[in-house]
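Notes to accompany the following structure.
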Amino acid sequence: MKREVVAGCGQFDVLPGEVDRNLTAVEDLLPRFAEADCRLLVLPEMWSCSFPYPILGEMAARTGEVLRRIEQWAATYSMVMVGSLPEAAGDRIYNTSFVVNIDGKVVGKYRKAHLFSLLDEHLHFGRGQSSLVCPTAVGNLGIMICYDLRFPELARRLALDGAEILCISAQWPIERIDHWNTLVRARAIENQLFVVACNGSGRENRLQYGGASAIVSPTGALLSCTPPGGAIGIAALQFEEMENIRRRIPCFEDRVPKLYRL
């Protein structure tokens with residue numbers, strides 16, 4: 001039997017510090033994904049609140065409440081949901097992507113490792129220390145967050161660890177959206193896997209986020225790409241395509257790892 005998963009990107013204007021309004025925005029999108037029989041939904045980076053640094057602690061204090069809502073949604077719609085939120089742990093706050101399975105249970109979390117120093121993320125967040133490939137009802141998900149996309153080493157590590165789909169939550173600015181468009185396809189092509197990359201949209205201070213959420217095949221074909229603003233992307237992932245391209249162009253077998261010690 002051919003294996004297929006319908007995946008979606010829940011792109012919307014993430015409002016800084018407005019947890020309740022952001023929850024409502026996501027909740028309003030869910031029936032549209034359900035109608036398309038979507039089984040994997042990726043949300044933007046820090047989708048509950050964006051980056052209101054002066055009140056980041058307050059936002060992190062609400063993440064438990066937000067997670068309970070996601071768990072309810074995932075179970076109600078039989079949908080794996082992925083997206084990053086502020087997570088308080090000890091005396092630090094982390095930018096953490098949570099994976100919630102179709103039964104409504106959190107089955108994995110990944111703390112963002114590459115912090116974007118250009119916008120002072122390293123001054124406000126703790127740095128994640130491990131990668132994550134998470135088995136779920138829809139397949140093995142490799143988790144990345146925004147700036148991680150610029151580091152091919154992480155994507156390759158996830159692929160070698162068995163990832164079939166890279167799930168990327170981001171708030172990528174429109175002024176560098178051409179980099180985003182290139183990198184999401186590059187990560188798919190070089191690792192011969194699917195990429196489901198959800199970017200935020202809207203404005204925060206001087207930043208305009210770029211949208212352009214993308215679903216990419218293992219051959220680099222763009223299966224879905226959204227315009228800026230509130231938009232959703234949906235596409236069917238045919239796993240046979242991944243198997244075929246890996247068989248035809250056996251990049252993993254042809255690697256020379258001793259050459260690349262970094």
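Scheme for the structure tokens: letters A, B, ... for chains in order shown; per-chain residue numbers from 1; ligand numbers from 1 in order shown.
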> Residues at most 7 Å from Arg185 in chain A, counting only C-alpha atoms, excluding those fewer than 3 positions away in the same chain, as a ChimeraX atom specification?
Replying inline: /A:181-182,188-189,216,220
Just to be explicit: take each residue in the selection above, keep N, CA and C atoms, and write the result as a PDB file, in the first residue's frame.
ATOM      1  N   ASN A 181      13.524  30.899   0.742  1.00  0.00           N
ATOM      2  CA  ASN A 181      13.019  30.118  -0.388  1.00  0.00           C
ATOM      3  C   ASN A 181      14.070  29.152  -0.918  1.00  0.00           C
ATOM      4  N   THR A 182      15.318  29.602  -0.936  1.00  0.00           N
ATOM      5  CA  THR A 182      16.405  28.749  -1.415  1.00  0.00           C
ATOM      6  C   THR A 182      16.742  27.656  -0.412  1.00  0.00           C
ATOM      7  N   ALA A 188      15.789  20.024   1.523  1.00  0.00           N
ATOM      8  CA  ALA A 188      15.049  18.872   1.000  1.00  0.00           C
ATOM      9  C   ALA A 188      15.878  18.097  -0.016  1.00  0.00           C
ATOM     10  N   ILE A 189      16.501  18.814  -0.943  1.00  0.00           N
ATOM     11  CA  ILE A 189      17.257  18.162  -2.017  1.00  0.00           C
ATOM     12  C   ILE A 189      18.467  17.417  -1.474  1.00  0.00           C
ATOM     13  N   VAL A 216       7.953  21.015   0.554  1.00  0.00           N
ATOM     14  CA  VAL A 216       8.899  20.676  -0.511  1.00  0.00           C
ATOM     15  C   VAL A 216       9.091  19.167  -0.564  1.00  0.00           C
ATOM     16  N   GLY A 220      13.021  18.414  -4.387  1.00  0.00           N
ATOM     17  CA  GLY A 220      13.078  19.870  -4.406  1.00  0.00           C
ATOM     18  C   GLY A 220      11.882  20.532  -5.052  1.00  0.00           C
TER      19      GLY A 220
END
> Which of range 159-215 of chain A counts as helix (DSSP H, G or I) under DSSP, as a ChimeraX atom specification please?
Replying inline: /A:159-160,174-191
Written selection (C-alpha atoms) as a PDB file, in the first residue's frame:
ATOM      1  CA  ALA A 159      18.408  12.768   8.134  1.00  0.00           C
ATOM      2  CA  LEU A 160      21.067  10.314   9.308  1.00  0.00           C
ATOM      3  CA  ILE A 174      10.649  39.447   4.276  1.00  0.00           C
ATOM      4  CA  GLU A 175      13.931  41.242   3.521  1.00  0.00           C
ATOM      5  CA  ARG A 176      15.715  37.865   3.483  1.00  0.00           C
ATOM      6  CA  ILE A 177      12.860  35.779   2.115  1.00  0.00           C
ATOM      7  CA  ASP A 178      14.893  34.819  -0.967  1.00  0.00           C
ATOM      8  CA  HIS A 179      17.320  33.037   1.390  1.00  0.00           C
ATOM      9  CA  TRP A 180      14.395  31.210   2.991  1.00  0.00           C
ATOM     10  CA  ASN A 181      13.019  30.118  -0.388  1.00  0.00           C
ATOM     11  CA  THR A 182      16.405  28.749  -1.415  1.00  0.00           C
ATOM     12  CA  LEU A 183      17.285  27.072   1.873  1.00  0.00           C
ATOM     13  CA  VAL A 184      14.039  25.132   2.375  1.00  0.00           C
ATOM     14  CA  ARG A 185      14.505  23.569  -1.055  1.00  0.00           C
ATOM     15  CA  ALA A 186      18.224  22.958  -0.489  1.00  0.00           C
ATOM     16  CA  ARG A 187      17.600  21.086   2.769  1.00  0.00           C
ATOM     17  CA  ALA A 188      15.049  18.872   1.000  1.00  0.00           C
ATOM     18  CA  ILE A 189      17.257  18.162  -2.017  1.00  0.00           C
ATOM     19  CA  GLU A 190      20.505  17.463  -0.184  1.00  0.00           C
ATOM     20  CA  ASN A 191      18.832  15.143   2.351  1.00  0.00           C
TER      21      ASN A 191
END
>> If we count only C-alpha atoms and set the cut-off at 12 Å, which residues sit around Ile55 in chain A, ignoring sequence neighbours fewer than 6 positions away in its own chain? Please answer as a VMD selection string.
In response: chain A and resid 16 to 19 49 61 to 62 86 93 124
> Using only C-alpha atoms, which residues sit within 7 Å of range 212-214 of chain A once same-chain residues fewer than 2 positions away are excluded, as a PyMOL selection string?
Replying inline: chain A and resi 9+11+196-199+210+216+224-228
>> DSSP on the backbone, strand (DSSP E) only: what residues of range 43-256 of chain A does that give? Format it as a PyMOL selection string.
In response: chain A and resi 80-89+92-100+106-111+133-136+139-145+165-170+194-199+201-204+207-210+214-216+222-225+231-238
Expected file contents, prior selection, C-alpha atoms, as an mmCIF file, in the first residue's frame:
data_model
loop_
_atom_site.group_PDB
_atom_site.id
_atom_site.type_symbol
_atom_site.label_atom_id
_atom_site.label_comp_id
_atom_site.auth_asym_id
_atom_site.auth_seq_id
_atom_site.Cartn_x
_atom_site.Cartn_y
_atom_site.Cartn_z
ATOM 1 C CA VAL A 80 0.151 15.718 14.641
ATOM 2 C CA MET A 81 0.942 19.328 15.555
ATOM 3 C CA VAL A 82 4.365 21.006 15.706
ATOM 4 C CA GLY A 83 5.273 24.573 16.643
ATOM 5 C CA SER A 84 7.578 26.515 18.925
ATOM 6 C CA LEU A 85 6.689 28.249 22.189
ATOM 7 C CA PRO A 86 8.601 29.927 25.046
ATOM 8 C CA GLU A 87 9.508 27.286 27.641
ATOM 9 C CA ALA A 88 10.681 28.201 31.137
ATOM 10 C CA ALA A 89 13.144 25.731 32.665
ATOM 11 C CA ARG A 92 16.246 30.190 31.573
ATOM 12 C CA ILE A 93 13.656 30.483 28.841
ATOM 13 C CA TYR A 94 14.029 28.343 25.735
ATOM 14 C CA ASN A 95 12.536 28.640 22.269
ATOM 15 C CA THR A 96 11.102 25.132 22.204
ATOM 16 C CA SER A 97 9.266 23.261 19.479
ATOM 17 C CA PHE A 98 6.762 20.754 20.863
ATOM 18 C CA VAL A 99 5.533 17.690 18.960
ATOM 19 C CA VAL A 100 2.002 16.574 19.857
ATOM 20 C CA VAL A 106 3.416 15.533 23.755
ATOM 21 C CA VAL A 107 5.890 13.010 22.358
ATOM 22 C CA GLY A 108 8.936 15.228 21.901
ATOM 23 C CA LYS A 109 10.413 18.677 22.251
ATOM 24 C CA TYR A 110 13.389 20.425 20.706
ATOM 25 C CA ARG A 111 15.053 23.548 22.103
ATOM 26 C CA VAL A 133 13.977 13.002 15.475
ATOM 27 C CA CYS A 134 10.545 12.131 16.805
ATOM 28 C CA PRO A 135 8.542 9.037 15.754
ATOM 29 C CA THR A 136 4.863 9.951 15.295
ATOM 30 C CA GLY A 139 6.353 9.303 10.329
ATOM 31 C CA ASN A 140 9.711 10.311 11.766
ATOM 32 C CA LEU A 141 9.873 14.079 12.184
ATOM 33 C CA GLY A 142 13.141 16.014 12.352
ATOM 34 C CA ILE A 143 12.593 19.313 14.146
ATOM 35 C CA MET A 144 14.250 22.647 13.335
ATOM 36 C CA ILE A 145 13.505 26.258 14.219
ATOM 37 C CA ILE A 165 10.052 14.992 7.216
ATOM 38 C CA LEU A 166 11.826 18.141 8.399
ATOM 39 C CA CYS A 167 9.331 20.303 10.300
ATOM 40 C CA ILE A 168 10.549 23.896 10.482
ATOM 41 C CA SER A 169 8.832 26.642 12.476
ATOM 42 C CA ALA A 170 10.063 30.151 11.685
ATOM 43 C CA PHE A 194 10.238 16.215 2.765
ATOM 44 C CA VAL A 195 10.317 19.692 4.271
ATOM 45 C CA VAL A 196 7.263 21.303 5.857
ATOM 46 C CA ALA A 197 8.352 24.838 6.730
ATOM 47 C CA CYS A 198 5.877 27.262 8.307
ATOM 48 C CA ASN A 199 6.844 30.921 8.488
ATOM 49 C CA SER A 201 3.679 36.819 8.772
ATOM 50 C CA GLY A 202 2.741 40.262 10.052
ATOM 51 C CA ARG A 203 4.840 42.991 11.636
ATOM 52 C CA GLU A 204 6.769 43.272 14.906
ATOM 53 C CA LEU A 207 10.444 43.609 11.287
ATOM 54 C CA GLN A 208 8.048 42.451 8.608
ATOM 55 C CA TYR A 209 7.800 38.661 8.506
ATOM 56 C CA GLY A 210 7.664 37.182 5.045
ATOM 57 C CA ALA A 214 6.590 25.935 1.916
ATOM 58 C CA ILE A 215 6.085 22.217 1.533
ATOM 59 C CA VAL A 216 8.899 20.676 -0.511
ATOM 60 C CA LEU A 222 7.600 23.027 -4.412
ATOM 61 C CA LEU A 223 4.344 21.298 -3.464
ATOM 62 C CA SER A 224 2.887 24.354 -1.743
ATOM 63 C CA CYS A 225 3.971 27.949 -1.150
ATOM 64 C CA ALA A 231 -2.649 31.841 4.471
ATOM 65 C CA ILE A 232 -2.547 28.090 4.678
ATOM 66 C CA GLY A 233 -0.542 25.608 2.662
ATOM 67 C CA ILE A 234 -1.574 21.986 2.160
ATOM 68 C CA ALA A 235 0.042 19.180 0.169
ATOM 69 C CA ALA A 236 0.100 15.394 0.033
ATOM 70 C CA LEU A 237 3.437 13.764 0.829
ATOM 71 C CA GLN A 238 3.998 10.594 -1.219
#
>> List as a ChimeraX atom specification the protein and nucleic acid residues near range 21-23 of chain A, meaning an atom at most 12 Å away when only C-alpha atoms are counted, but skip any in the same chain fewer than 2 places from it.
In response: /A:10-19,25-30,43-44,46-50,62-63,65-70,73,85,200,230
> How far is it from CA of Ser217 in chain A to CA of Phe239 in chain A, in Å with one decimal?
Replying inline: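 Interatomic distance here is 9.4 Å.
The shortest atom-to-atom distance to Lys112 in chain A, with only C-alpha atoms taken into account, belongs to A:Asp148 out of A:Arg39, A:Thr219, A:Gly90, A:Asp148.
With only C-alpha atoms as the atoms that count, the minimum distance from Glu121 in chain A to the choices A:Met59, A:Phe51, A:Ala74, A:Arg156 is reached by A:Phe51.
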